[in-house]
Structures are given as structure tokens and as C-alpha cells.
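The file run.pdb contains PDB, C-alpha atoms and all ligand atoms:
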ATOM      1  CA  MET A   9      47.297  90.953  40.126  1.00  0.00           C
ATOM      2  CA  ARG A  10      44.182  89.396  41.665  1.00  0.00           C
ATOM      3  CA  ARG A  11      43.918  89.791  45.429  1.00  0.00           C
ATOM      4  CA  TYR A  12      43.165  86.571  47.292  1.00  0.00           C
ATOM      5  CA  LEU A  13      39.575  86.280  48.501  1.00  0.00           C
ATOM      6  CA  ILE A  14      39.045  84.080  51.534  1.00  0.00           C
ATOM      7  CA  ALA A  15      35.449  83.557  52.578  1.00  0.00           C
ATOM      8  CA  ALA A  16      33.947  81.831  55.589  1.00  0.00           C
ATOM      9  CA  ASN A  17      30.592  80.166  54.962  1.00  0.00           C
ATOM     10  CA  TRP A  18      29.220  79.302  58.384  1.00  0.00           C
ATOM     11  CA  LYS A  19      26.119  77.703  56.857  1.00  0.00           C
ATOM     12  CA  MET A  20      23.534  77.068  59.635  1.00  0.00           C
ATOM     13  CA  HIS A  21      26.067  77.155  62.470  1.00  0.00           C
ATOM     14  CA  GLY A  22      26.692  79.772  65.109  1.00  0.00           C
ATOM     15  CA  SER A  23      25.423  81.646  68.117  1.00  0.00           C
ATOM     16  CA  LEU A  24      25.965  85.074  69.616  1.00  0.00           C
ATOM     17  CA  GLU A  25      28.643  83.549  71.817  1.00  0.00           C
ATOM     18  CA  MET A  26      30.458  82.158  68.793  1.00  0.00           C
ATOM     19  CA  VAL A  27      30.220  85.493  66.988  1.00  0.00           C
ATOM     20  CA  HIS A  28      31.846  87.247  69.951  1.00  0.00           C
ATOM     21  CA  LYS A  29      34.590  84.660  70.332  1.00  0.00           C
ATOM     22  CA  PHE A  30      35.307  84.585  66.609  1.00  0.00           C
ATOM     23  CA  ALA A  31      35.507  88.368  66.249  1.00  0.00           C
ATOM     24  CA  GLU A  32      37.743  88.694  69.305  1.00  0.00           C
ATOM     25  CA  SER A  33      40.305  86.116  68.329  1.00  0.00           C
ATOM     26  CA  PHE A  34      40.226  86.450  64.536  1.00  0.00           C
ATOM     27  CA  ASP A  35      40.197  90.173  63.934  1.00  0.00           C
ATOM     28  CA  GLN A  36      43.098  92.186  65.284  1.00  0.00           C
ATOM     29  CA  GLY A  37      42.175  95.253  63.226  1.00  0.00           C
ATOM     30  CA  VAL A  38      45.053  94.800  60.798  1.00  0.00           C
ATOM     31  CA  ASP A  39      45.120  94.097  57.082  1.00  0.00           C
ATOM     32  CA  LEU A  40      45.097  90.339  56.716  1.00  0.00           C
ATOM     33  CA  GLY A  41      46.873  90.372  53.354  1.00  0.00           C
ATOM     34  CA  ALA A  42      43.778  89.021  51.613  1.00  0.00           C
ATOM     35  CA  GLU A  43      40.194  90.140  51.185  1.00  0.00           C
ATOM     36  CA  VAL A  44      38.278  88.379  53.949  1.00  0.00           C
ATOM     37  CA  VAL A  45      34.503  87.920  54.087  1.00  0.00           C
ATOM     38  CA  VAL A  46      32.471  86.076  56.707  1.00  0.00           C
ATOM     39  CA  PHE A  47      28.997  84.755  55.914  1.00  0.00           C
ATOM     40  CA  PRO A  48      27.244  83.998  59.213  1.00  0.00           C
ATOM     41  CA  PRO A  49      23.579  82.994  59.361  1.00  0.00           C
ATOM     42  CA  VAL A  50      21.803  86.230  58.483  1.00  0.00           C
ATOM     43  CA  VAL A  51      20.455  86.831  61.987  1.00  0.00           C
ATOM     44  CA  TYR A  52      24.037  87.286  63.234  1.00  0.00           C
ATOM     45  CA  LEU A  53      25.122  89.659  60.478  1.00  0.00           C
ATOM     46  CA  GLY A  54      24.665  92.840  62.505  1.00  0.00           C
ATOM     47  CA  ALA A  55      26.344  91.440  65.613  1.00  0.00           C
ATOM     48  CA  LEU A  56      29.358  90.245  63.663  1.00  0.00           C
ATOM     49  CA  GLN A  57      29.619  93.467  61.722  1.00  0.00           C
ATOM     50  CA  GLY A  58      29.477  95.502  64.908  1.00  0.00           C
ATOM     51  CA  LEU A  59      32.388  93.558  66.368  1.00  0.00           C
ATOM     52  CA  THR A  60      34.755  93.425  63.396  1.00  0.00           C
ATOM     53  CA  SER A  61      37.092  95.960  61.818  1.00  0.00           C
ATOM     54  CA  LYS A  62      37.048  97.227  58.254  1.00  0.00           C
ATOM     55  CA  TYR A  63      39.367  94.364  57.300  1.00  0.00           C
ATOM     56  CA  VAL A  64      36.632  91.781  57.765  1.00  0.00           C
ATOM     57  CA  GLN A  65      33.658  92.153  55.455  1.00  0.00           C
ATOM     58  CA  VAL A  66      30.356  90.426  56.061  1.00  0.00           C
ATOM     59  CA  GLY A  67      27.736  88.969  53.784  1.00  0.00           C
ATOM     60  CA  VAL A  68      24.761  86.622  53.582  1.00  0.00           C
ATOM     61  CA  GLN A  69      24.417  83.090  52.268  1.00  0.00           C
ATOM     62  CA  ASP A  70      21.361  83.753  50.083  1.00  0.00           C
ATOM     63  CA  VAL A  71      18.875  86.474  49.098  1.00  0.00           C
ATOM     64  CA  GLY A  72      15.482  86.680  47.467  1.00  0.00           C
ATOM     65  CA  VAL A  73      15.058  87.850  43.881  1.00  0.00           C
ATOM     66  CA  ALA A  74      12.506  90.592  44.596  1.00  0.00           C
ATOM     67  CA  SER A  75      13.560  94.008  45.840  1.00  0.00           C
ATOM     68  CA  ALA A  76      10.666  94.256  48.359  1.00  0.00           C
ATOM     69  CA  GLY A  77       7.072  93.162  48.819  1.00  0.00           C
ATOM     70  CA  ALA A  78       4.857  90.383  50.125  1.00  0.00           C
ATOM     71  CA  HIS A  79       7.437  87.578  50.253  1.00  0.00           C
ATOM     72  CA  THR A  80       7.320  86.128  53.761  1.00  0.00           C
ATOM     73  CA  GLY A  81      10.681  84.929  54.981  1.00  0.00           C
ATOM     74  CA  GLU A  82      12.697  86.491  52.169  1.00  0.00           C
ATOM     75  CA  ILE A  83      15.296  89.228  52.443  1.00  0.00           C
ATOM     76  CA  ALA A  84      16.287  91.599  49.650  1.00  0.00           C
ATOM     77  CA  ALA A  85      19.832  92.347  48.567  1.00  0.00           C
ATOM     78  CA  SER A  86      19.199  96.062  49.179  1.00  0.00           C
ATOM     79  CA  MET A  87      18.454  95.230  52.845  1.00  0.00           C
ATOM     80  CA  VAL A  88      21.788  93.450  53.146  1.00  0.00           C
ATOM     81  CA  LYS A  89      23.441  96.577  51.804  1.00  0.00           C
ATOM     82  CA  ASP A  90      21.392  98.753  54.172  1.00  0.00           C
ATOM     83  CA  VAL A  91      22.849  96.988  57.218  1.00  0.00           C
ATOM     84  CA  GLY A  92      26.421  97.054  55.936  1.00  0.00           C
ATOM     85  CA  GLY A  93      26.827  93.708  54.178  1.00  0.00           C
ATOM     86  CA  SER A  94      28.932  93.643  51.036  1.00  0.00           C
ATOM     87  CA  TRP A  95      28.772  90.124  49.618  1.00  0.00           C
ATOM     88  CA  VAL A  96      26.096  87.506  48.886  1.00  0.00           C
ATOM     89  CA  ILE A  97      26.573  83.809  48.104  1.00  0.00           C
ATOM     90  CA  VAL A  98      24.234  82.571  45.375  1.00  0.00           C
ATOM     91  CA  GLY A  99      23.699  79.067  44.065  1.00  0.00           C
ATOM     92  CA  HIS A 100      25.384  77.123  46.838  1.00  0.00           C
ATOM     93  CA  SER A 101      24.934  73.416  46.077  1.00  0.00           C
ATOM     94  CA  GLU A 102      23.138  72.895  49.396  1.00  0.00           C
ATOM     95  CA  ARG A 103      20.468  75.369  48.285  1.00  0.00           C
ATOM     96  CA  ARG A 104      20.372  73.915  44.794  1.00  0.00           C
ATOM     97  CA  ALA A 105      19.706  70.505  46.419  1.00  0.00           C
ATOM     98  CA  ASP A 106      17.595  71.406  49.480  1.00  0.00           C
ATOM     99  CA  GLN A 107      15.592  74.331  48.099  1.00  0.00           C
ATOM    100  CA  LEU A 108      15.596  73.058  44.507  1.00  0.00           C
ATOM    101  CA  GLU A 109      17.211  76.239  43.169  1.00  0.00           C
ATOM    102  CA  GLY A 110      17.871  75.878  39.443  1.00  0.00           C
ATOM    103  CA  ASP A 111      20.306  77.727  37.197  1.00  0.00           C
ATOM    104  CA  ASP A 112      17.688  80.308  36.153  1.00  0.00           C
ATOM    105  CA  LEU A 113      16.771  81.253  39.711  1.00  0.00           C
ATOM    106  CA  VAL A 114      20.437  81.422  40.681  1.00  0.00           C
ATOM    107  CA  ALA A 115      21.052  83.772  37.742  1.00  0.00           C
ATOM    108  CA  GLN A 116      18.141  85.973  38.851  1.00  0.00           C
ATOM    109  CA  LYS A 117      19.606  86.129  42.362  1.00  0.00           C
ATOM    110  CA  PHE A 118      22.995  87.036  40.906  1.00  0.00           C
ATOM    111  CA  ALA A 119      21.304  89.877  38.988  1.00  0.00           C
ATOM    112  CA  ALA A 120      19.483  91.065  42.131  1.00  0.00           C
ATOM    113  CA  VAL A 121      22.755  91.215  44.065  1.00  0.00           C
ATOM    114  CA  ILE A 122      24.474  93.233  41.328  1.00  0.00           C
ATOM    115  CA  ALA A 123      21.462  95.565  41.064  1.00  0.00           C
ATOM    116  CA  ALA A 124      21.754  96.310  44.794  1.00  0.00           C
ATOM    117  CA  GLY A 125      25.414  97.232  44.367  1.00  0.00           C
ATOM    118  CA  LEU A 126      26.723  94.194  46.228  1.00  0.00           C
ATOM    119  CA  SER A 127      29.160  91.502  45.124  1.00  0.00           C
ATOM    120  CA  PRO A 128      27.907  87.980  44.446  1.00  0.00           C
ATOM    121  CA  ILE A 129      29.885  84.779  44.865  1.00  0.00           C
ATOM    122  CA  VAL A 130      28.278  82.244  42.561  1.00  0.00           C
ATOM    123  CA  CYS A 131      28.901  78.605  43.423  1.00  0.00           C
ATOM    124  CA  VAL A 132      29.313  76.031  40.672  1.00  0.00           C
ATOM    125  CA  GLY A 133      30.331  72.398  40.824  1.00  0.00           C
ATOM    126  CA  GLU A 134      29.649  68.854  39.738  1.00  0.00           C
ATOM    127  CA  THR A 135      28.644  65.663  41.556  1.00  0.00           C
ATOM    128  CA  LEU A 136      30.977  62.679  41.754  1.00  0.00           C
ATOM    129  CA  ALA A 137      28.849  60.778  39.217  1.00  0.00           C
ATOM    130  CA  GLN A 138      29.085  63.708  36.797  1.00  0.00           C
ATOM    131  CA  ARG A 139      32.873  63.861  37.258  1.00  0.00           C
ATOM    132  CA  LYS A 140      33.209  60.116  36.710  1.00  0.00           C
ATOM    133  CA  ALA A 141      31.132  60.407  33.546  1.00  0.00           C
ATOM    134  CA  GLY A 142      33.515  63.083  32.257  1.00  0.00           C
ATOM    135  CA  ASP A 143      30.831  65.756  32.490  1.00  0.00           C
ATOM    136  CA  ALA A 144      32.337  68.004  35.183  1.00  0.00           C
ATOM    137  CA  PHE A 145      33.148  70.945  32.932  1.00  0.00           C
ATOM    138  CA  ALA A 146      29.893  70.650  30.976  1.00  0.00           C
ATOM    139  CA  VAL A 147      27.946  70.951  34.250  1.00  0.00           C
ATOM    140  CA  VAL A 148      29.984  73.895  35.492  1.00  0.00           C
ATOM    141  CA  SER A 149      29.826  75.750  32.185  1.00  0.00           C
ATOM    142  CA  LYS A 150      26.039  75.316  31.990  1.00  0.00           C
ATOM    143  CA  GLN A 151      25.736  76.806  35.507  1.00  0.00           C
ATOM    144  CA  LEU A 152      27.928  79.762  34.526  1.00  0.00           C
ATOM    145  CA  LYS A 153      26.280  80.328  31.164  1.00  0.00           C
ATOM    146  CA  ALA A 154      22.918  80.863  32.878  1.00  0.00           C
ATOM    147  CA  ILE A 155      24.494  83.830  34.694  1.00  0.00           C
ATOM    148  CA  ILE A 156      26.281  85.163  31.623  1.00  0.00           C
ATOM    149  CA  ASP A 157      23.134  84.891  29.479  1.00  0.00           C
ATOM    150  CA  LEU A 158      21.050  86.881  31.968  1.00  0.00           C
ATOM    151  CA  CYS A 159      23.578  89.370  33.336  1.00  0.00           C
ATOM    152  CA  GLY A 160      26.284  89.621  30.653  1.00  0.00           C
ATOM    153  CA  VAL A 161      29.877  88.501  31.026  1.00  0.00           C
ATOM    154  CA  SER A 162      31.058  91.811  32.521  1.00  0.00           C
ATOM    155  CA  ALA A 163      28.811  91.210  35.565  1.00  0.00           C
ATOM    156  CA  LEU A 164      31.130  88.352  36.578  1.00  0.00           C
ATOM    157  CA  ALA A 165      33.878  90.865  37.312  1.00  0.00           C
ATOM    158  CA  LYS A 166      31.670  92.448  40.004  1.00  0.00           C
ATOM    159  CA  GLY A 167      31.807  89.294  42.089  1.00  0.00           C
ATOM    160  CA  ALA A 168      33.628  85.995  42.231  1.00  0.00           C
ATOM    161  CA  ILE A 169      33.141  82.407  41.112  1.00  0.00           C
ATOM    162  CA  ALA A 170      33.460  79.596  43.652  1.00  0.00           C
ATOM    163  CA  TYR A 171      34.246  76.173  42.220  1.00  0.00           C
ATOM    164  CA  GLU A 172      32.858  73.743  44.792  1.00  0.00           C
ATOM    165  CA  PRO A 173      32.781  70.125  43.608  1.00  0.00           C
ATOM    166  CA  LEU A 174      29.886  68.542  45.507  1.00  0.00           C
ATOM    167  CA  TRP A 175      31.875  65.437  46.381  1.00  0.00           C
ATOM    168  CA  ALA A 176      34.405  67.577  48.248  1.00  0.00           C
ATOM    169  CA  ILE A 177      31.935  69.524  50.413  1.00  0.00           C
ATOM    170  CA  GLY A 178      31.946  68.444  54.047  1.00  0.00           C
ATOM    171  CA  THR A 179      33.473  65.097  53.113  1.00  0.00           C
ATOM    172  CA  GLY A 180      37.113  65.672  53.997  1.00  0.00           C
ATOM    173  CA  LEU A 181      37.792  64.718  50.386  1.00  0.00           C
ATOM    174  CA  THR A 182      39.445  67.744  48.792  1.00  0.00           C
ATOM    175  CA  ALA A 183      39.959  68.111  45.067  1.00  0.00           C
ATOM    176  CA  THR A 184      43.676  67.763  44.425  1.00  0.00           C
ATOM    177  CA  PRO A 185      45.389  71.053  43.672  1.00  0.00           C
ATOM    178  CA  GLU A 186      45.730  69.830  40.061  1.00  0.00           C
ATOM    179  CA  GLN A 187      42.005  69.009  39.774  1.00  0.00           C
ATOM    180  CA  ALA A 188      41.103  72.427  41.177  1.00  0.00           C
ATOM    181  CA  GLY A 189      43.698  74.185  39.023  1.00  0.00           C
ATOM    182  CA  GLN A 190      42.439  72.460  35.871  1.00  0.00           C
ATOM    183  CA  MET A 191      38.802  73.333  36.472  1.00  0.00           C
ATOM    184  CA  HIS A 192      39.670  76.928  37.377  1.00  0.00           C
ATOM    185  CA  ALA A 193      41.727  77.235  34.182  1.00  0.00           C
ATOM    186  CA  SER A 194      38.828  75.848  32.130  1.00  0.00           C
ATOM    187  CA  ILE A 195      36.441  78.345  33.749  1.00  0.00           C
ATOM    188  CA  ARG A 196      38.855  81.188  33.013  1.00  0.00           C
ATOM    189  CA  ASP A 197      39.182  80.014  29.392  1.00  0.00           C
ATOM    190  CA  LEU A 198      35.407  79.999  29.050  1.00  0.00           C
ATOM    191  CA  VAL A 199      35.236  83.599  30.282  1.00  0.00           C
ATOM    192  CA  ALA A 200      38.255  84.610  28.155  1.00  0.00           C
ATOM    193  CA  GLY A 201      36.399  83.385  25.082  1.00  0.00           C
ATOM    194  CA  LEU A 202      33.882  86.162  25.782  1.00  0.00           C
ATOM    195  CA  ASP A 203      35.946  88.878  27.425  1.00  0.00           C
ATOM    196  CA  GLN A 204      39.680  88.763  28.075  1.00  0.00           C
ATOM    197  CA  ASP A 205      39.653  91.605  30.638  1.00  0.00           C
ATOM    198  CA  VAL A 206      36.937  89.999  32.731  1.00  0.00           C
ATOM    199  CA  ALA A 207      38.786  86.667  32.538  1.00  0.00           C
ATOM    200  CA  SER A 208      41.976  88.151  33.914  1.00  0.00           C
ATOM    201  CA  SER A 209      40.293  90.065  36.712  1.00  0.00           C
ATOM    202  CA  VAL A 210      37.566  87.708  37.985  1.00  0.00           C
ATOM    203  CA  ARG A 211      38.521  85.736  41.049  1.00  0.00           C
ATOM    204  CA  ILE A 212      37.880  82.011  40.947  1.00  0.00           C
ATOM    205  CA  ILE A 213      38.020  80.546  44.421  1.00  0.00           C
ATOM    206  CA  TYR A 214      37.881  76.914  45.501  1.00  0.00           C
ATOM    207  CA  GLY A 215      35.588  75.346  48.103  1.00  0.00           C
ATOM    208  CA  GLY A 216      35.356  71.818  49.462  1.00  0.00           C
ATOM    209  CA  SER A 217      37.106  70.595  52.623  1.00  0.00           C
ATOM    210  CA  VAL A 218      39.673  73.399  52.605  1.00  0.00           C
ATOM    211  CA  ASN A 219      41.694  73.313  55.827  1.00  0.00           C
ATOM    212  CA  PRO A 220      44.958  74.764  57.139  1.00  0.00           C
ATOM    213  CA  GLU A 221      46.865  71.699  55.891  1.00  0.00           C
ATOM    214  CA  ASN A 222      45.751  71.748  52.248  1.00  0.00           C
ATOM    215  CA  ALA A 223      45.178  75.489  51.731  1.00  0.00           C
ATOM    216  CA  GLY A 224      48.766  76.374  50.806  1.00  0.00           C
ATOM    217  CA  LEU A 225      48.964  73.772  48.047  1.00  0.00           C
ATOM    218  CA  LEU A 226      45.628  74.889  46.623  1.00  0.00           C
ATOM    219  CA  PHE A 227      46.681  78.561  46.674  1.00  0.00           C
ATOM    220  CA  ALA A 228      49.946  77.630  44.939  1.00  0.00           C
ATOM    221  CA  GLN A 229      47.881  76.871  41.831  1.00  0.00           C
ATOM    222  CA  GLU A 230      48.048  79.931  39.614  1.00  0.00           C
ATOM    223  CA  GLU A 231      44.330  79.846  38.865  1.00  0.00           C
ATOM    224  CA  VAL A 232      43.153  79.452  42.472  1.00  0.00           C
ATOM    225  CA  ASP A 233      42.420  82.930  43.839  1.00  0.00           C
ATOM    226  CA  GLY A 234      41.204  81.986  47.282  1.00  0.00           C
ATOM    227  CA  ALA A 235      38.770  79.754  49.112  1.00  0.00           C
ATOM    228  CA  LEU A 236      35.196  79.425  50.268  1.00  0.00           C
ATOM    229  CA  VAL A 237      35.606  77.615  53.558  1.00  0.00           C
ATOM    230  CA  GLY A 238      32.881  75.743  55.430  1.00  0.00           C
ATOM    231  CA  GLY A 239      33.771  73.606  58.441  1.00  0.00           C
ATOM    232  CA  ALA A 240      37.264  75.004  58.962  1.00  0.00           C
ATOM    233  CA  SER A 241      35.894  78.554  59.132  1.00  0.00           C
ATOM    234  CA  LEU A 242      33.912  77.926  62.310  1.00  0.00           C
ATOM    235  CA  GLN A 243      36.969  78.261  64.530  1.00  0.00           C
ATOM    236  CA  ALA A 244      38.938  81.479  64.311  1.00  0.00           C
ATOM    237  CA  PRO A 245      42.394  79.809  64.534  1.00  0.00           C
ATOM    238  CA  SER A 246      41.855  77.440  61.613  1.00  0.00           C
ATOM    239  CA  PHE A 247      40.257  80.136  59.482  1.00  0.00           C
ATOM    240  CA  ALA A 248      43.127  82.482  60.330  1.00  0.00           C
ATOM    241  CA  ALA A 249      45.615  79.776  59.309  1.00  0.00           C
ATOM    242  CA  ILE A 250      43.879  79.450  55.926  1.00  0.00           C
ATOM    243  CA  VAL A 251      44.062  83.223  55.425  1.00  0.00           C
ATOM    244  CA  ALA A 252      47.737  83.124  56.390  1.00  0.00           C
ATOM    245  CA  ALA A 253      48.343  80.391  53.786  1.00  0.00           C
ATOM    246  CA  THR A 254      47.757  82.959  51.021  1.00  0.00           C
TER
HETATM  247  P1  LIG A 301      33.439  72.472  53.774  1.00  0.00           P
HETATM  248  O1  LIG A 301      34.656  73.359  53.827  1.00  0.00           O
HETATM  249  O2  LIG A 301      32.864  72.165  55.109  1.00  0.00           O
HETATM  250  O3  LIG A 301      33.708  71.255  52.926  1.00  0.00           O
HETATM  251  O4  LIG A 301      32.300  73.311  53.012  1.00  0.00           O
HETATM  252  C1  LIG A 301      32.591  73.884  51.788  1.00  0.00           C
HETATM  253  C2  LIG A 301      31.480  74.757  51.389  1.00  0.00           C
HETATM  254  O5  LIG A 301      30.408  74.292  51.046  1.00  0.00           O
HETATM  255  C3  LIG A 301      31.687  76.210  51.469  1.00  0.00           C
HETATM  256  O6  LIG A 301      30.645  76.900  50.871  1.00  0.00           O
END
What's the C-alpha cells form of this structure?
Ligand code: 13P
Amino acid sequence: MRRYLIAANWKMHGSLEMVHKFAESFDQGVDLGAEVVVFPPVVYLGALQGLTSKYVQVGVQDVGVASAGAHTGEIAASMVKDVGGSWVIVGHSERRADQLEGDDLVAQKFAAVIAAGLSPIVCVGETLAQRKAGDAFAVVSKQLKAIIDLCGVSALAKGAIAYEPLWAIGTGLTATPEQAGQMHASIRDLVAGLDQDVASSVRIIYGGSVNPENAGLLFAQEEVDGALVGGASLQAPSFAAIVAAT
């Protein structure tokens, strides 16, 4: 049985005040029935971690590839581990677009996260034009194959895969549960073709305009193992409602 993974990606939102408010009203120090991870902007990681219980894990939205050295502005995965983080998002489509991160760099970041003993969530997804052209799965499988080629298929089991169709991110336009379910099943088939055990254990979560209203229907899809939530994770009540929908 795969445990639901519900992740909050705050992107470049937040403040110390928000961190305090969120921790106070979201975390009651009880098991939430799902694995919960919050990804604040990295400067708030320590504050959030200091205010939350063991039931809320924290992570960062990106890391550098190097383990240390003269790389101004970068942080290493081992540093995230040092301060108590457990998860790292790699390959979010906003970084692929804004920072021009390609599949090879994303795979190297995935490897760096695994090497530090942390869990990566790798984001994959197609644009609307690619979906309309019938290329959605080809795009997603190319993104995943870059990771598998560099790190091996068993590395996938150490983290999670987030299917985030670009046209659904921040648009209010969610993939239908069937669209999400189909893509997740195709991803699982791809992995199963290489390793059946990894395919049955790896969590494939969905991201793109997840909210308390649509979360239950998405989670009802057998292949949807959780969510990577953007906008609706910024307020504790709506994020808590999404967790409760598992
Ligand atoms: P929204 O939930 O705001 O659409 O963002 C999704 C996302 O990009 C999570 O990583």
C-alpha cells in the first residue's frame, strides 16, 4: 500500500508571519493520515521546521548539483539535510522555463539529492500544445528517462514523481481525474517495464490547481498517490482540507 504524499510548494511566497500562522493552525502534532511535506522558500526552512511537529516534514524547492565550493547563491543537498530538511523538488516547470533547466541538469540534481540521503520529487509535465499534438506521454517519458539513465530505475523509489501538466499550473484548469489517472498509469507502466517492484512502490502525485474541491476526485484515482499543491497550500485551512481528502 502506498501512503499518500501531500506536498505544499509555496514557490516564492511567504514571510515569517505566514510561517508562524501556518504552523500554528495547520499542525496539531497529530498524524495527519498522509505523509505531509512543506516546501517554503529556503530562507524560511529553519523557522518552519522549528515550529512544526514530526508529522510535518520540510524541504526545499531546488538545490545545486555540486556538494560544496565556489558557487555563489547555490545551496547543496547536504546542507538541506544538515538543517533537518528531508525532501527536495527538482525540475519544477517554472525552473525549467525561467532558469532554463534541461532534462540533464534536472537528472544531475536528482542524483545530488539521492547522494545526500534526501528524497527528491521530480516534476514532469507537458504544455497544452504538446498535449494537443498528442505528445504528452512522449514529453513526460523523455523527462523521466533522463533520470533513469543517469541514476538507475531503483533511484525513483527513493523519491516521488509529480505529474504537473503545465497548462494546469496556476490556471485554475485542473486535469480531469481521468486525464491524471491515465498519465499516472502510463508513467507506472513505463517504470514497470524496467522494474516491477519500483513501479508498485513509487508514489506518483499530481500537481496543477489542486484545491479542496477537486482533491477527493483526484485521490479516488487508483494511480494518484497524492498532490503537489501550489496556491491552495498557502493557507493552512485549504491545505489541511486537501490532506483530509486523502
Ligand atoms: P498550483 O496549485 O498553484 O496550480 O501550482 C501547482 C504547482 O506548480 C505545484 O508545484
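Of the residues under consideration (A:Val27, A:Val210, A:Ala228, A:Ala15), A:Ala15 shows the shortest atom-to-atom contact distance to ligand LIG 301 (chain A) when counting all atoms listed in the file.
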Expected axis-aligned box over every listed atom of ligand LIG 301 (chain A), 3 Å added per side, centre plus edges in Å to one decimal, as lines of an AutoDock Vina configuration file:
center_x = 32.5
center_y = 74.1
center_z = 53.0
size_x = 10.2
size_y = 11.6
size_z = 10.2
>> List as a ChimeraX atom specification the protein and nucleic acid residues lying within 10 Å of ligand LIG 301 (chain A), with all atoms listed in the file counted.
In response: /A:15-19,47,69,97,99-102,129,131,170-182,214-219,235-242
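Proximity ranking of A:Val130, A:Val148, A:Ile156, A:Leu56 relative to A:Asp35 places A:Leu56 first, based on only C-alpha atoms.
Among the candidates A:Val44, A:Val232, A:Met87, A:Ala193, the one nearest to A:Arg211 when counting only C-alpha atoms is A:Val232.
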Tell me which residues the PyMOL selection byres (((chain A and resi 94) around 6) and not hetatm) grabs here, as a PDB file with C-alpha atoms, in the coordinates of the input.
ATOM      1  CA  GLY A  67      27.736  88.969  53.784  1.00  0.00           C
ATOM      2  CA  GLY A  93      26.827  93.708  54.178  1.00  0.00           C
ATOM      3  CA  TRP A  95      28.772  90.124  49.618  1.00  0.00           C
ATOM      4  CA  LEU A 126      26.723  94.194  46.228  1.00  0.00           C
TER       5      LEU A 126
END
>> Is it possible to get the residues within 10 Å of (43.2, 71.7, 44.0) (coordinates as in the file, counting only C-alpha atoms) written as a PyMOL selection string?
In response: chain A and resi 182-192+214-216+218+222-229+231-232
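Each of A:Val98, A:Val64, A:Leu158, A:Leu59 was checked against A:Ser127 using all atoms listed in the file; the smallest atom-to-atom distance is that of A:Val98.
With distances restricted to all atoms listed in the file, A:Met20 is the closest residue to A:Pro49 from A:Leu13, A:Ala120, A:Met20, A:Ala76.
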Residue neighbourhood A:Arg11, 8 Å, all atoms listed in the file, exclusion window fewer than 3 positions, as a PDB file with C-alpha atoms, in the frame of the given file:
ATOM      1  CA  ALA A  42      43.778  89.021  51.613  1.00  0.00           C
ATOM      2  CA  GLU A  43      40.194  90.140  51.185  1.00  0.00           C
ATOM      3  CA  ASP A 233      42.420  82.930  43.839  1.00  0.00           C
TER       4      ASP A 233
END
>> Report, in Å to a single decimal, how far apart atom CA of A:Leu152 and atom CA of A:Thr254 are.
In response: 26.0 Å
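As for atom CA of A:Glu25 and atom CA of A:Asp70, they are spaced 22.9 Å apart.
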>> What does the structure give for the distance between atom CA of A:Ile83 and atom CA of A:Ile169, in Å to one decimal?
In response: 22.2 Å
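Applying the 9 Å criterion to (41.0, 84.1, 68.9) in file coordinates and using all atoms listed in the file, one obtains the residues Lys29, Phe30, Ala31, Glu32, Ser33, Phe34, Asp35, Gln243, Ala244, Pro245 and Ala248 of chain A.
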Written selection (C-alpha atoms) as an mmCIF file, in the coordinates of the input:
data_model
loop_
_atom_site.group_PDB
_atom_site.id
_atom_site.type_symbol
_atom_site.label_atom_id
_atom_site.label_comp_id
_atom_site.auth_asym_id
_atom_site.auth_seq_id
_atom_site.Cartn_x
_atom_site.Cartn_y
_atom_site.Cartn_z
ATOM 1 C CA LYS A 29 34.590 84.660 70.332
ATOM 2 C CA PHE A 30 35.307 84.585 66.609
ATOM 3 C CA ALA A 31 35.507 88.368 66.249
ATOM 4 C CA GLU A 32 37.743 88.694 69.305
ATOM 5 C CA SER A 33 40.305 86.116 68.329
ATOM 6 C CA PHE A 34 40.226 86.450 64.536
ATOM 7 C CA ASP A 35 40.197 90.173 63.934
ATOM 8 C CA GLN A 243 36.969 78.261 64.530
ATOM 9 C CA ALA A 244 38.938 81.479 64.311
ATOM 10 C CA PRO A 245 42.394 79.809 64.534
ATOM 11 C CA ALA A 248 43.127 82.482 60.330
#
> Nearest to A:Ala55: which of A:Ile213, A:Ala207, A:Leu24, A:Ile122 is it, counting all atoms listed in the file?
Replying inline: A:Leu24
>> Could you tell me, as an MDAnalysis selection string, exactly which residues end up selected when the PyMOL selection byres (((chain A and resi 9) around 10) and not hetatm) is applied to this structure?
In response: chainID A and resid 10:12 208:209
Export C-alpha atoms of the chosen residues as a PDB file, keeping the file's coordinate frame?
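As written to disk, selection_30.pdb reads:
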ATOM      1  CA  ARG A  10      44.182  89.396  41.665  1.00  0.00           C
ATOM      2  CA  ARG A  11      43.918  89.791  45.429  1.00  0.00           C
ATOM      3  CA  TYR A  12      43.165  86.571  47.292  1.00  0.00           C
ATOM      4  CA  SER A 208      41.976  88.151  33.914  1.00  0.00           C
ATOM      5  CA  SER A 209      40.293  90.065  36.712  1.00  0.00           C
TER       6      SER A 209
END
>> What would the selection look like, as a ChimeraX atom specification, if the PyMOL selection byres (((chain A and resi 165) around 8) and not hetatm) were run on the coordinates I just shared?
In response: /A:161-164,166-168,206,209-211
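The residue set within 7 Å of A:Pro220, counting only C-alpha atoms and dropping same-chain residues fewer than 3 places from it, reads A:Ala223, A:Ser246, A:Ala249, A:Ile250.
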>> List the spatial neighbours of stretch 113-117 of chain A as a PyMOL selection string - criterion: any atom at most 6 Å away, only C-alpha atoms, same-chain residues fewer than 5 positions off excluded.
In response: chain A and resi 73+99+154-155
